[in-house]
>>> print(open('model01.txt').read())   # compact mmCIF, C-alpha atoms
# COMPACT_ATOMS: atom_id res chain seq x y z
CA MET A 1183 39.94 66.06 35.13
CA SER A 1184 42.94 63.78 35.61
CA GLN A 1185 45.89 64.05 33.28
CA ALA A 1186 46.46 61.21 30.80
CA PRO A 1187 49.39 58.96 31.77
CA LEU A 1188 52.68 59.69 30.09
CA GLY A 1189 54.03 57.43 27.39
CA GLN A 1190 57.48 55.89 27.65
CA LEU A 1191 60.56 55.81 25.44
CA VAL A 1192 61.20 52.21 24.39
CA LEU A 1193 64.69 51.33 23.16
CA VAL A 1194 64.11 48.66 20.52
CA PRO A 1195 67.16 46.72 19.29
CA THR A 1196 67.24 45.57 15.68
CA PRO A 1197 69.01 42.67 13.92
CA LEU A 1198 72.64 43.15 12.89
CA ASP A 1199 71.98 42.26 9.25
CA PHE A 1200 71.34 45.82 8.00
CA MET A 1201 72.72 46.17 4.43
CA CYS A 1202 73.91 42.55 4.50
CA GLU A 1203 73.13 40.20 1.65
CA SER A 1204 71.32 37.76 3.93
CA GLN A 1205 68.89 38.23 6.80
CA VAL A 1206 68.27 36.02 9.80
CA PRO A 1207 64.79 35.22 11.14
CA LEU A 1208 63.81 37.62 13.91
CA SER A 1209 63.19 34.65 16.20
CA GLN A 1210 66.94 33.90 16.16
CA VAL A 1211 68.07 37.35 17.34
CA LEU A 1212 65.14 39.01 19.14
CA PRO A 1213 63.19 37.53 22.06
CA ALA A 1214 59.45 37.09 21.58
CA GLY A 1215 58.85 39.71 24.24
CA THR A 1216 60.82 42.32 22.30
CA VAL A 1217 58.97 41.54 19.06
CA GLN A 1218 55.60 41.69 20.82
CA ALA A 1219 56.44 44.99 22.52
CA ALA A 1220 57.58 46.53 19.21
CA SER A 1221 54.36 45.46 17.49
CA GLN A 1222 52.32 47.55 19.94
CA ILE A 1223 54.17 50.83 19.28
CA ASP A 1224 52.91 53.28 16.65
CA HIS A 1225 55.30 56.24 17.13
CA TRP A 1226 58.96 55.85 16.19
CA ILE A 1227 62.22 57.79 16.13
CA GLY A 1228 64.84 56.26 13.83
CA GLU A 1229 67.95 56.97 11.83
CA ASN A 1230 66.08 56.54 8.55
CA ALA A 1231 62.37 56.23 7.78
CA LYS A 1232 62.92 53.65 5.03
CA SER A 1233 64.93 51.28 7.25
CA THR A 1234 62.42 51.81 10.08
CA ARG A 1235 59.56 50.72 7.82
CA ALA A 1236 61.58 47.70 6.65
CA PHE A 1237 62.10 46.65 10.28
CA LEU A 1238 58.41 47.11 11.06
CA LYS A 1239 57.50 44.86 8.10
CA ARG A 1240 59.62 42.13 9.69
CA ILE A 1241 57.95 42.73 13.04
CA ASP A 1242 54.51 42.57 11.41
CA ALA A 1243 55.31 39.18 9.87
CA ALA A 1244 56.17 37.79 13.30
CA SER A 1245 53.63 39.67 15.46
CA PRO A 1246 50.93 41.72 13.71
CA LEU A 1247 51.28 45.46 14.19
CA ARG A 1248 48.60 47.08 16.34
CA VAL A 1249 48.43 49.94 13.84
CA PRO A 1250 48.93 49.39 10.07
CA LEU A 1251 52.35 50.28 8.68
CA GLN A 1252 51.02 53.21 6.66
CA ALA A 1253 49.58 54.73 9.85
CA GLN A 1254 52.79 54.48 11.86
CA VAL A 1255 54.30 57.85 12.80
CA ILE A 1256 58.02 57.83 11.98
CA THR A 1257 60.37 60.72 12.79
CA GLU A 1258 63.97 60.75 11.58
CA LEU A 1259 66.82 61.90 13.78
CA PRO A 1260 68.32 65.20 12.54
CA ARG A 1261 71.32 65.06 10.24
CA GLN A 1262 73.51 66.82 12.81
CA VAL A 1263 73.38 63.69 14.97
CA HIS A 1264 74.78 61.55 12.16
CA LYS A 1265 77.53 64.03 11.30
CA LYS A 1266 78.67 65.17 14.74
CA GLY A 1267 77.25 62.61 17.16
CA ASP A 1268 74.61 63.16 19.83
CA HIS A 1269 76.75 65.00 22.34
CA ALA A 1270 78.99 67.00 20.01
CA ALA A 1271 75.92 68.34 18.19
CA GLY A 1272 74.55 69.73 21.46
CA LEU A 1273 70.92 69.21 20.42
CA ASP A 1274 67.87 69.50 22.65
CA MET A 1275 65.62 66.60 21.61
CA ARG A 1276 62.72 67.22 23.97
CA HIS A 1277 60.53 68.39 21.09
CA MET A 1278 60.79 64.92 19.50
CA LEU A 1279 59.05 63.39 22.52
CA LYS A 1280 55.82 65.42 22.35
CA ALA A 1281 53.79 62.29 21.58
CA ALA A 1282 55.02 60.63 24.77
CA LEU A 1283 53.83 63.64 26.78
CA GLU A 1284 50.42 63.02 25.17
CA GLY A 1285 50.40 59.38 26.30
CA HIS A 1286 51.93 57.52 23.35
CA ASP A 1287 54.84 55.12 23.73
CA ILE A 1288 57.67 56.01 21.34
CA GLY A 1289 60.11 53.43 19.98
CA LEU A 1290 63.73 54.47 19.41
CA LEU A 1291 65.60 52.51 16.72
CA SER A 1292 69.04 52.34 15.22
CA GLU A 1293 69.62 50.61 11.90
CA ALA A 1294 71.47 47.72 13.54
CA GLY A 1295 71.77 46.70 17.16
CA MET A 1296 70.95 48.64 20.31
CA PRO A 1297 70.01 52.30 19.82
CA ALA A 1298 72.19 54.87 21.58
CA VAL A 1299 75.12 52.41 21.83
CA ALA A 1300 77.68 53.05 19.07
CA ASP A 1301 74.74 54.58 17.19
CA PRO A 1302 72.71 57.80 17.45
CA GLY A 1303 69.98 58.19 20.05
CA SER A 1304 71.53 59.05 23.40
CA SER A 1305 70.35 62.67 23.11
CA VAL A 1306 66.77 61.41 22.81
CA VAL A 1307 67.23 59.17 25.85
CA ARG A 1308 68.67 62.08 27.82
CA ALA A 1309 65.72 64.27 26.80
CA ALA A 1310 63.28 61.57 27.97
CA HIS A 1311 64.90 61.56 31.40
CA ASP A 1312 64.77 65.36 31.54
CA LEU A 1313 61.03 65.23 30.79
CA GLY A 1314 60.38 62.63 33.48
CA LEU A 1315 59.52 59.88 30.99
CA ARG A 1316 60.17 56.22 31.69
CA VAL A 1317 62.94 54.75 29.54
CA LEU A 1318 62.51 51.04 28.78
CA PRO A 1319 65.41 49.17 27.11
CA LEU A 1320 64.35 45.94 25.42
CA VAL A 1321 66.54 42.87 25.03
CA GLY A 1322 68.38 42.32 21.76
CA PRO A 1323 71.78 42.11 20.04
CA SER A 1324 74.67 44.51 20.60
CA ALA A 1325 77.61 43.93 18.26
CA LEU A 1326 80.06 45.42 20.74
CA LEU A 1327 79.16 43.07 23.57
CA LEU A 1328 78.95 40.02 21.30
CA ALA A 1329 82.41 40.77 19.92
CA LEU A 1330 83.89 41.42 23.36
CA ALA A 1331 82.45 38.23 24.80
CA ALA A 1332 83.79 36.17 21.90
CA SER A 1333 87.23 37.79 21.79
CA GLY A 1334 88.88 36.18 24.80
CA LEU A 1335 89.98 39.65 25.90
CA ASN A 1336 89.30 41.25 29.28
CA GLY A 1337 85.53 41.61 29.66
CA GLN A 1338 85.79 42.96 33.20
CA GLN A 1339 87.47 46.19 32.13
CA PHE A 1340 87.02 47.60 28.65
CA ALA A 1341 86.48 50.84 26.74
CA PHE A 1342 84.56 51.50 23.55
CA VAL A 1343 86.43 54.24 21.70
CA GLY A 1344 84.18 54.66 18.65
CA TYR A 1345 85.97 55.33 15.35
CA LEU A 1346 89.71 55.93 15.11
CA PRO A 1347 91.06 58.85 13.02
CA GLN A 1348 91.00 58.44 9.24
CA ASP A 1349 94.41 60.03 8.67
CA ALA A 1350 96.98 57.24 8.75
CA GLY A 1351 99.46 59.11 10.96
CA GLU A 1352 96.81 60.18 13.46
CA ARG A 1353 95.28 56.69 13.41
CA ASP A 1354 98.60 54.97 14.16
CA ALA A 1355 99.36 57.42 16.98
CA ARG A 1356 95.93 56.73 18.46
CA ILE A 1357 96.45 52.97 18.22
CA LYS A 1358 99.75 53.23 20.09
CA ALA A 1359 98.19 55.41 22.79
CA LEU A 1360 95.32 52.96 23.25
CA GLU A 1361 97.73 50.03 23.40
CA LYS A 1362 99.74 51.81 26.09
CA GLN A 1363 96.54 52.21 28.10
CA ALA A 1364 95.61 48.56 27.55
CA LEU A 1365 99.02 47.24 28.61
CA LYS A 1366 99.11 49.49 31.67
CA THR A 1367 95.62 48.70 32.97
CA GLY A 1368 94.55 45.46 31.26
CA GLU A 1369 91.64 47.36 29.70
CA THR A 1370 90.37 45.99 26.38
CA GLN A 1371 90.05 48.63 23.64
CA VAL A 1372 87.02 48.17 21.37
CA PHE A 1373 86.23 50.16 18.22
CA ILE A 1374 84.46 49.98 14.89
CA GLU A 1375 85.30 50.98 11.34
CA THR A 1376 83.52 51.85 8.12
CA PRO A 1377 83.54 48.64 6.03
CA TYR A 1378 85.53 49.96 3.07
CA ARG A 1379 88.39 50.90 5.43
CA ASN A 1380 88.61 47.45 7.05
CA ALA A 1381 91.77 46.43 5.20
CA ALA A 1382 93.54 49.74 5.91
CA MET A 1383 92.58 49.52 9.57
CA LEU A 1384 93.95 46.00 9.93
CA ALA A 1385 97.18 47.03 8.18
CA GLY A 1386 97.54 49.98 10.55
CA LEU A 1387 96.95 47.78 13.58
CA LEU A 1388 99.51 45.21 12.49
CA ALA A 1389 102.09 47.93 11.84
CA SER A 1390 101.51 49.73 15.14
CA LEU A 1391 100.72 47.09 17.79
CA GLN A 1392 103.29 45.01 19.64
CA ALA A 1393 103.68 41.42 18.49
CA SER A 1394 102.38 39.97 21.76
CA THR A 1395 99.18 42.06 21.87
CA ARG A 1396 96.01 40.07 21.17
CA LEU A 1397 93.82 41.41 18.37
CA ALA A 1398 90.25 40.30 17.66
CA VAL A 1399 88.30 41.08 14.49
CA CYS A 1400 84.61 40.14 14.47
CA SER A 1401 82.29 40.44 11.49
CA HIS A 1402 78.84 39.22 10.34
CA LEU A 1403 77.86 38.77 13.98
CA THR A 1404 74.69 36.64 14.41
CA LEU A 1405 74.69 35.82 10.67
CA PRO A 1406 75.50 32.48 9.02
CA GLU A 1407 78.75 34.02 7.65
CA MET A 1408 79.86 35.12 11.12
CA LYS A 1409 83.64 35.26 11.55
CA ILE A 1410 85.41 35.78 14.87
CA ASP A 1411 89.20 35.76 14.73
CA SER A 1412 91.26 36.44 17.88
CA ARG A 1413 95.03 35.90 17.98
CA SER A 1414 98.33 37.59 18.68
CA VAL A 1415 99.52 40.35 16.39
CA ALA A 1416 102.51 38.16 15.49
CA ASN A 1417 100.08 35.49 14.29
CA TRP A 1418 98.05 38.07 12.36
CA GLN A 1419 101.22 39.32 10.68
CA ARG A 1420 101.93 35.80 9.43
CA ARG A 1421 98.36 35.32 8.24
CA PRO A 1422 96.46 38.61 7.77
CA GLU A 1423 92.81 38.04 6.87
CA PRO A 1424 90.80 41.27 6.94
CA PRO A 1425 87.00 41.18 6.67
CA ASP A 1426 85.68 42.16 3.25
CA LYS A 1427 85.11 45.81 2.35
CA ASN A 1428 81.32 45.47 2.60
CA THR A 1429 81.14 44.01 6.09
CA PRO A 1430 80.79 46.04 9.31
CA ALA A 1431 83.42 44.82 11.77
CA VAL A 1432 84.24 45.24 15.44
CA PHE A 1433 87.93 45.41 16.36
CA ALA A 1434 89.31 44.83 19.86
CA PHE A 1435 92.76 44.47 21.32
CA GLY A 1436 94.49 44.12 24.65
CA PRO A 1437 97.04 42.05 26.58
>>> encode(input="model01.txt", output="structure tokens")
Amino acid sequence: MSQAPLGQLVLVPTPLDFMCESQVPLSQVLPAGTVQAASQIDHWIGENAKSTRAFLKRIDAASPLRVPLQAQVITELPRQVHKKGDHAAGLDMRHMLKAALEGHDIGLLSEAGMPAVADPGSSVVRAAHDLGLRVLPLVGPSALLLALAASGLNGQQFAFVGYLPQDAGERDARIKALEKQALKTGETQVFIETPYRNAAMLAGLLASLQASTRLAVCSHLTLPEMKIDSRSVANWQRRPEPPDKNTPAVFAFGP
């Protein structure tokens, strides 16, 4: 008797409006092919079951789900991934892909954007490769790439450095070290911050960066309230305008 074909791990991007006051129609941020592919999946791994179900409701409105929402199998990523990150936690996620070994496609979600990029999920992707499963990334928004493209900074050489330290002294030292790298190599430095620390982050950047360094701050990407501001630090110092404390933002700087 022949063995049933293996399922695949499908990386499904989601809109960037998670926890925002307004939402955009899926048709504006996700290709029809991505929506159609998501509607045919009935096993999911996500950061949070509630937000996964909310996303599937939006999918269902655009392309009816093959299996009713209440019958979808949703598994949450372990808390260690959220606290320590995929690699620092050192977790073996192969057990989460049992359904794929039985022939089911599994969708991997983050709450906003592309899973496993600036969000949890890379340990699941790595486990899929180790099990010989096909990994299929679907097309959709990535806040990091949208911000980089719109910043006017070097898009040929860049580094995403995650979150900077929370302690002000450690944060400022890290900013200066990253700026030194940027000025030496031309490499754009990209990072994100928890919304309520946006103002403190901008203040730290303006106090630590050289006046001629270009700084970009991008928020509400893909939304009607989208704001992309890219100018020299000297210009920012004359007119500082941080994003609000409720808005996820991407920061980038370089020569």
>>> closest_residue(input="model01.txt", among="A:Thr1429, A:Ser1233, A:Asn1380, A:Gln1392", to="A:Leu1365", atoms="all atoms listed in the file")
A:Gln1392
>>> closest_residue(input="model01.txt", among="A:Gln1190, A:Gln1210, A:Thr1196, A:Asn1230", to="A:Gly1285", atoms="only C-alpha atoms")
A:Gln1190
>>> atom_distance(input="model01.txt", atom1="atom CA of A:Arg1316", atom2="atom CA of A:Gly1189")
7.6 Å
>>> closest_atom_pairs(input="model01.txt", of="stretch 1297-1381 of chain A", to="stretch 1398-1415 of chain A", cutoff="7 Å", atoms="only C-alpha atoms", output="JSON lines")
{"residue": "A:Ala1325", "atom": "CA", "partner": "A:Leu1403", "partner_atom": "CA", "distance": 6.7}
{"residue": "A:Ala1329", "atom": "CA", "partner": "A:Cys1400", "partner_atom": "CA", "distance": 5.9}
{"residue": "A:Ser1333", "atom": "CA", "partner": "A:Ala1398", "partner_atom": "CA", "distance": 5.7}
>>> residues_around(input="model01.txt", residues="A:Gln1222", least_positions_apart="3", cutoff="8 Å", atoms="all atoms listed in the file", output="PyMOL selection string")
chain A and resi 1218-1219+1247-1249
>>> closest_residue(input="model01.txt", among="A:Val1192, A:Lys1362, A:Lys1239, A:Glu1293", to="A:Val1306", atoms="only C-alpha atoms")
A:Val1192
>>> residues_around(input="model01.txt", residues="A:Phe1433", least_positions_apart="5", cutoff="12 Å", atoms="all atoms listed in the file", output="NGL selection string")
:A and (1325-1330 or 1332-1333 or 1335 or 1341-1346 or 1357 or 1370-1377 or 1380-1381 or 1383-1384 or 1387 or 1396-1401 or 1410-1413 or 1424-1425)
>>> atom_distance(input="model01.txt", atom1="atom CA of A:Tyr1378", atom2="atom CA of A:Phe1340")
25.7 Å
>>> closest_residue(input="model01.txt", among="A:Glu1423, A:Pro1195, A:Trp1226, A:Arg1276", to="A:Ala1253", atoms="only C-alpha atoms")
A:Trp1226
>>> residues_near_point(input="model01.txt", point="(74.1, 47.0, 21.9)", cutoff="6 Å", atoms="all atoms listed in the file", output="list in words")
Gly1295, Met1296, Val1299, Pro1323, Ser1324 and Ala1325 of chain A
>>> closest_residue(input="model01.txt", among="A:Gly1314, A:Pro1430, A:Gly1303, A:Pro1246", to="A:Met1275", atoms="all atoms listed in the file")
A:Gly1303
>>> closest_residue(input="model01.txt", among="A:Pro1207, A:Gly1322, A:Gly1215, A:Gly1386", to="A:Asp1354", atoms="all atoms listed in the file")
A:Gly1386
>>> residues_around(input="model01.txt", residues="A:Val1255", least_positions_apart="3", cutoff="10 Å", atoms="all atoms listed in the file", output="count of residues only")
11
>>> atom_distance(input="model01.txt", atom1="atom CA of A:Asp1287", atom2="atom CA of A:Ser1221")
11.5 Å
>>> build_atoms(input="model01.txt", residues="stretch 1196-1215 of chain A", atoms="N, CA and C atoms", output="mmCIF file, keeping the file's coordinate frame")
data_model
loop_
_atom_site.group_PDB
_atom_site.id
_atom_site.type_symbol
_atom_site.label_atom_id
_atom_site.label_comp_id
_atom_site.auth_asym_id
_atom_site.auth_seq_id
_atom_site.Cartn_x
_atom_site.Cartn_y
_atom_site.Cartn_z
ATOM 1 N N THR A 1196 67.547 46.135 16.992
ATOM 2 C CA THR A 1196 67.240 45.570 15.680
ATOM 3 C C THR A 1196 68.311 44.546 15.301
ATOM 4 N N PRO A 1197 68.011 43.655 14.348
ATOM 5 C CA PRO A 1197 69.010 42.670 13.920
ATOM 6 C C PRO A 1197 70.264 43.347 13.355
ATOM 7 N N LEU A 1198 71.367 42.612 13.349
ATOM 8 C CA LEU A 1198 72.640 43.150 12.890
ATOM 9 C C LEU A 1198 72.877 42.929 11.400
ATOM 10 N N ASP A 1199 71.816 42.589 10.664
ATOM 11 C CA ASP A 1199 71.980 42.260 9.250
ATOM 12 C C ASP A 1199 71.662 43.428 8.323
ATOM 13 N N PHE A 1200 71.616 44.656 8.844
ATOM 14 C CA PHE A 1200 71.340 45.820 8.000
ATOM 15 C C PHE A 1200 72.373 45.932 6.884
ATOM 16 N N MET A 1201 71.896 46.044 5.638
ATOM 17 C CA MET A 1201 72.720 46.170 4.430
ATOM 18 C C MET A 1201 73.544 44.910 4.144
ATOM 19 N N CYS A 1202 73.235 43.814 4.811
ATOM 20 C CA CYS A 1202 73.910 42.550 4.500
ATOM 21 C C CYS A 1202 73.117 41.796 3.440
ATOM 22 N N GLU A 1203 73.789 40.925 2.733
ATOM 23 C CA GLU A 1203 73.130 40.200 1.650
ATOM 24 C C GLU A 1203 72.069 39.248 2.179
ATOM 25 N N SER A 1204 72.286 38.691 3.356
ATOM 26 C CA SER A 1204 71.320 37.760 3.930
ATOM 27 C C SER A 1204 70.740 38.315 5.210
ATOM 28 N N GLN A 1205 69.536 37.852 5.554
ATOM 29 C CA GLN A 1205 68.890 38.230 6.800
ATOM 30 C C GLN A 1205 68.596 36.975 7.606
ATOM 31 N N VAL A 1206 68.586 37.146 8.911
ATOM 32 C CA VAL A 1206 68.270 36.020 9.800
ATOM 33 C C VAL A 1206 66.840 36.193 10.293
ATOM 34 N N PRO A 1207 66.142 35.095 10.582
ATOM 35 C CA PRO A 1207 64.790 35.220 11.140
ATOM 36 C C PRO A 1207 64.831 35.996 12.465
ATOM 37 N N LEU A 1208 63.843 36.846 12.677
ATOM 38 C CA LEU A 1208 63.810 37.620 13.910
ATOM 39 C C LEU A 1208 63.848 36.723 15.139
ATOM 40 N N SER A 1209 63.252 35.549 15.045
ATOM 41 C CA SER A 1209 63.190 34.650 16.200
ATOM 42 C C SER A 1209 64.569 34.194 16.658
ATOM 43 N N GLN A 1210 65.588 34.317 15.788
ATOM 44 C CA GLN A 1210 66.940 33.900 16.160
ATOM 45 C C GLN A 1210 67.726 34.995 16.879
ATOM 46 N N VAL A 1211 67.275 36.250 16.769
ATOM 47 C CA VAL A 1211 68.070 37.350 17.340
ATOM 48 C C VAL A 1211 67.287 38.257 18.272
ATOM 49 N N LEU A 1212 65.955 38.180 18.253
ATOM 50 C CA LEU A 1212 65.140 39.010 19.140
ATOM 51 C C LEU A 1212 64.189 38.128 19.937
ATOM 52 N N PRO A 1213 64.140 38.302 21.254
ATOM 53 C CA PRO A 1213 63.190 37.530 22.060
ATOM 54 C C PRO A 1213 61.752 37.844 21.663
ATOM 55 N N ALA A 1214 60.864 36.887 21.918
ATOM 56 C CA ALA A 1214 59.450 37.090 21.580
ATOM 57 C C ALA A 1214 58.883 38.313 22.285
ATOM 58 N N GLY A 1215 59.344 38.556 23.507
ATOM 59 C CA GLY A 1215 58.850 39.710 24.240
ATOM 60 C C GLY A 1215 59.211 41.031 23.584
#
